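*Asks:* Supplied in structure tokens, the structure appears directly below.
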Amino acid sequence: MDLKITVLAGDGIGPEIIKEAKKVLDAVSKKYGHSVIADDGLIGGIAIDETGNPFPKETIDKCQSSQAILLGAVGGPKWDTTDSNKPRPEQGLLGLRKELGLFANLRPVKVHNQLTESSTLKSAVVSDIDMIIVRELTGGIYFGKSARSDALTYDTCEYSSEEIIRIFRIAFDIAMKRRNNLISVDKANVLETSRLWREIGHLLKEEYADVAYQDMLVDNCAMQLIRNPGQFDIIVTENMFGDILSDEASMLTGSIGMLPSASLGEGNIGLYEPIHGSAPDIAGMDKANPMATILSVAMMLRYSFDLEKEVQAIENAVEQVLEQGYRTPDIMQEGKTEVSTSEMGDLVAKEIS
Ligand code: IPM
Ligand code: MG
């Protein structure tokens, strides 16, 4: 099978982690007889430097003519600005999500057995964590009307019923393939958009009678994630709550460097990226954890190419390498072997081939 993908390495540690993820993709493709046709494109800060635009037309075209997109990370202090007239790297990522209609962001949060000790919480609390955060990705405050003037500044949270219905359907469908448990997170005691969100959740739950459905306020959810994370199977929530809760949930697993994501939409093109950022403080040092990006490749093979054996090969290889005691600095524990970004990529690729 031909796997036609666009690779957007982006900024900071982006190029380093992407290189390892590509290594692993090449290894799995070689083993199972696929050919990877990868085309590199510019996004984020590097795109601003080279073209003045964080999401150049050429990148849009490349993405639209491929089957899937693998992305590293965008952003860094070089492009940080509070001047809304200046381009920002994040506009590239947000533009890409919006342009391709990638409204459903799946963020699986799972504790690898070997890493329970890396969590800041007690192993007994984190050992049974296995949830997916389904984050709405193209609506809400990220894309509502905003403006700044001397008199008043605002960002508006906007949602249409259609936008809420479609993300709920994705979440219910995933719940039905797992433990039939869906928790919808909102702030319906304060926000109008949340009240619509909740009404739609209640309407739809009648259609999915097998799924146990519960509403949870976002502040309570933030607390429950620390108190008893094992209670969550699927969380569905709006864009900004999902952004915040997924960073919180990731730390339960020991490191944000382990968590992949998939962004899917109405079309057939999926976007796959680690949930972490560009980590400018360690960029270029061969220290970053490539696992989140490697596991994002596995998600790509699952959702864009339906290659389940290949997915298993990658996920097993990651487990094996952890089992053998190899750790990048972010998940380093006493008695284990510290390895660099590129060594970690080599180890996973070797385990597959
Ligand atoms: C994420 C990131 C992005 C977001 C940033 C980089 C715009 O934090 O993917 O979680 O807020 O969505
Ligand atoms: Mg985030």
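In the structure tokens, the first chain shown is A, the next is B, and so on; residue numbers restart at 1 for each chain, and ligands run from 1 in the order shown.
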Ligand 1: which residues are within 6 Å, counting only C-alpha atoms and all ligand atoms, as a ChimeraX atom specification?

*Replies:* /A:90,243,275

*Asks:* Give me a file of those residues, with N, CA and C atoms, as a JSON list (two decimals), in the first residue's frame.

*Replies:*
```json
[["chain", "number", "residue", "atom", "x", "y", "z"],
["A", 90, "GLU", "N", 1.40, 29.56, 16.11],
["A", 90, "GLU", "CA", 0.18, 28.79, 16.43],
["A", 90, "GLU", "C", -0.91, 29.01, 15.39],
["A", 243, "ASP", "N", -8.21, 21.35, 25.77],
["A", 243, "ASP", "CA", -6.79, 21.73, 25.74],
["A", 243, "ASP", "C", -6.21, 21.63, 27.14],
["A", 275, "ILE", "N", 0.79, 15.60, 21.77],
["A", 275, "ILE", "CA", 0.01, 16.68, 22.39],
["A", 275, "ILE", "C", 0.91, 17.75, 23.02]]
```

*Asks:* Which residues, written as a ChimeraX atom specification, have at least one atom at most 12 Å from A:Phe232, with only C-alpha atoms counted and residues fewer than 6 positions away on the same chain left out?

*Replies:* /A:108-110,126,128-134,175,178-185,212-214,216,221-222,224-226,249

*Asks:* Suppose we keep N, CA and C atoms; can you now write the selection as a CSV table (one decimal), in the first residue's frame?

*Replies:*
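Done, and the output landed in out19.csv:
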```
chain,number,residue,atom,x,y,z
A,108,PRO,N,-5.7,9.9,23.5
A,108,PRO,CA,-5.7,8.8,24.4
A,108,PRO,C,-4.8,9.1,25.6
A,109,VAL,N,-5.2,8.8,26.8
A,109,VAL,CA,-4.3,8.9,27.9
A,109,VAL,C,-4.2,7.6,28.6
A,110,LYS,N,-3.1,7.0,28.5
A,110,LYS,CA,-2.9,5.6,29.0
A,110,LYS,C,-1.6,5.6,29.8
A,126,VAL,N,-2.8,5.8,39.6
A,126,VAL,CA,-2.7,5.9,38.2
A,126,VAL,C,-2.6,4.6,37.4
A,128,ASP,N,-4.6,2.2,36.7
A,128,ASP,CA,-5.7,1.8,35.7
A,128,ASP,C,-6.2,2.9,34.8
A,129,ILE,N,-5.3,3.9,34.6
A,129,ILE,CA,-5.7,5.0,33.7
A,129,ILE,C,-5.8,4.5,32.2
A,130,ASP,N,-6.9,4.7,31.6
A,130,ASP,CA,-7.0,4.3,30.2
A,130,ASP,C,-8.2,5.1,29.7
A,131,MET,N,-8.0,6.3,29.2
A,131,MET,CA,-9.1,7.1,28.8
A,131,MET,C,-8.8,7.8,27.5
A,132,ILE,N,-9.8,8.3,26.8
A,132,ILE,CA,-9.6,9.1,25.6
A,132,ILE,C,-10.4,10.4,25.8
A,133,ILE,N,-9.6,11.5,25.7
A,133,ILE,CA,-10.3,12.8,25.7
A,133,ILE,C,-10.6,13.2,24.3
A,134,VAL,N,-11.9,13.4,24.1
A,134,VAL,CA,-12.4,13.8,22.7
A,134,VAL,C,-12.6,15.3,22.8
A,175,ALA,N,-17.1,5.5,22.5
A,175,ALA,CA,-17.5,4.9,23.8
A,175,ALA,C,-18.0,3.5,23.6
A,178,ARG,N,-15.6,0.9,23.4
A,178,ARG,CA,-14.7,0.7,24.6
A,178,ARG,C,-15.6,0.2,25.8
A,179,ARG,N,-15.5,1.0,26.8
A,179,ARG,CA,-16.2,0.6,28.1
A,179,ARG,C,-17.6,1.2,28.2
A,180,ASN,N,-18.1,1.8,27.2
A,180,ASN,CA,-19.5,2.3,27.2
A,180,ASN,C,-19.8,3.3,28.3
A,181,ASN,N,-18.8,4.2,28.5
A,181,ASN,CA,-18.9,5.2,29.5
A,181,ASN,C,-18.5,6.6,29.0
A,182,LEU,N,-19.4,7.5,29.0
A,182,LEU,CA,-19.1,8.8,28.4
A,182,LEU,C,-19.3,9.9,29.5
A,183,ILE,N,-18.3,10.7,29.7
A,183,ILE,CA,-18.5,11.9,30.6
A,183,ILE,C,-18.4,13.1,29.8
A,184,SER,N,-19.4,13.9,29.8
A,184,SER,CA,-19.4,15.2,29.0
A,184,SER,C,-19.1,16.3,30.0
A,185,VAL,N,-18.0,17.1,29.6
A,185,VAL,CA,-17.5,18.1,30.5
A,185,VAL,C,-17.9,19.5,30.0
A,212,ALA,N,-23.3,4.6,29.3
A,212,ALA,CA,-23.6,5.3,30.6
A,212,ALA,C,-23.1,6.7,30.4
A,213,TYR,N,-24.0,7.7,30.5
A,213,TYR,CA,-23.7,9.1,30.3
A,213,TYR,C,-23.7,9.9,31.5
A,214,GLN,N,-22.8,10.8,31.7
A,214,GLN,CA,-22.8,11.7,32.9
A,214,GLN,C,-22.3,13.1,32.5
A,216,MET,N,-20.3,16.5,33.8
A,216,MET,CA,-19.4,16.9,34.8
A,216,MET,C,-19.0,18.3,34.6
A,221,CYS,N,-14.1,18.3,37.1
A,221,CYS,CA,-13.4,17.3,36.3
A,221,CYS,C,-11.9,17.4,36.5
A,222,ALA,N,-11.4,18.7,36.6
A,222,ALA,CA,-10.0,18.9,36.9
A,222,ALA,C,-9.6,18.3,38.2
A,224,GLN,N,-11.4,15.7,39.7
A,224,GLN,CA,-11.6,14.3,39.6
A,224,GLN,C,-10.4,13.6,38.9
A,225,LEU,N,-9.8,14.3,38.0
A,225,LEU,CA,-8.7,13.7,37.2
A,225,LEU,C,-7.5,13.3,38.2
A,226,ILE,N,-7.4,14.1,39.2
A,226,ILE,CA,-6.3,13.9,40.2
A,226,ILE,C,-6.8,12.9,41.2
A,249,ALA,N,-4.3,15.7,32.3
A,249,ALA,CA,-4.4,14.2,32.3
A,249,ALA,C,-3.0,13.6,31.8
```

*Asks:* For a test of reading the model, state the distance in Å between atom CA of A:Leu322 and atom CA of A:Met299, rounded to one decimal.

*Replies:* 19.0 Å

*Asks:* Which residues are near ligand 2 - at most 12 Å, using only C-alpha atoms and all ligand atoms? Format: as an NGL selection string.

*Replies:* :A and (73-75 or 90 or 93-94 or 105 or 107 or 135 or 137 or 142 or 239-250 or 256 or 259-261 or 273-278)

*Asks:* Mind dumping a table of every stretch 77-117 of chain A residue within 10 Å of stretch 46-65 of chain A, with the nearest atom pair and its distance in Å to one decimal, using only C-alpha atoms, sorted by chain and rising number, as JSON lines?

*Replies:*
```
{"residue": "A:Trp79", "atom": "CA", "partner": "A:Ile48", "partner_atom": "CA", "distance": 8.6}
{"residue": "A:Lys86", "atom": "CA", "partner": "A:Gly52", "partner_atom": "CA", "distance": 9.8}
{"residue": "A:Pro87", "atom": "CA", "partner": "A:Pro54", "partner_atom": "CA", "distance": 6.8}
{"residue": "A:Arg88", "atom": "CA", "partner": "A:Pro54", "partner_atom": "CA", "distance": 6.7}
{"residue": "A:Pro89", "atom": "CA", "partner": "A:Pro54", "partner_atom": "CA", "distance": 5.3}
{"residue": "A:Glu90", "atom": "CA", "partner": "A:Pro54", "partner_atom": "CA", "distance": 7.6}
{"residue": "A:Gln91", "atom": "CA", "partner": "A:Pro54", "partner_atom": "CA", "distance": 6.3}
{"residue": "A:Gly92", "atom": "CA", "partner": "A:Phe55", "partner_atom": "CA", "distance": 4.4}
{"residue": "A:Leu93", "atom": "CA", "partner": "A:Phe55", "partner_atom": "CA", "distance": 7.6}
{"residue": "A:Leu94", "atom": "CA", "partner": "A:Phe55", "partner_atom": "CA", "distance": 9.1}
{"residue": "A:Gly95", "atom": "CA", "partner": "A:Phe55", "partner_atom": "CA", "distance": 6.8}
{"residue": "A:Leu96", "atom": "CA", "partner": "A:Phe55", "partner_atom": "CA", "distance": 7.3}
{"residue": "A:Glu99", "atom": "CA", "partner": "A:Ile60", "partner_atom": "CA", "distance": 8.0}
{"residue": "A:Leu100", "atom": "CA", "partner": "A:Gln64", "partner_atom": "CA", "distance": 7.8}
```

*Asks:* What lies within 6 Å of A:Gln67 using only C-alpha atoms, ignoring chain neighbours under 2 positions off, as a list in words?

*Replies:*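 So the residues in contact are Lys4, Ile5 and Ile269 of chain A.
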
*Asks:* Could you please write out, as a PyMOL selection string, every residue of stretch 80-251 of chain A that DSSP assigns to alpha helix (DSSP H)?

*Replies:* chain A and resi 89-99+123-126+161-177+192-205+218-227+239-251

*Asks:* With only C-alpha atoms as the counted atoms, please give the residues lying no more than 12 Å from A:Glu238, apart from itself and same-chain residues fewer than 6 positions off, as a ChimeraX atom specification.

*Replies:* /A:103-105,133-143,157-160,163-168,171,184-188,191,193-194,196-198,217-218,244-246

*Asks:* State, in Å with one decimal place, the distance from atom CA of A:Asp286 to atom CA of A:Ala27.

*Replies:*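 For atom CA of A:Asp286 relative to atom CA of A:Ala27, the distance reads 20.6 Å.
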
*Asks:* Measure the distance from atom CA of A:Gln114 to atom CA of A:Ser263 in Å and round it to one decimal.

*Replies:* 27.5 Å

*Asks:* Determine the nearest neighbour of A:Glu343 from the options A:Leu71, A:Val24, A:Ala283, A:Ala151, counting only C-alpha atoms.

*Replies:*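 Smallest separation from A:Glu343 among the options: A:Val24.
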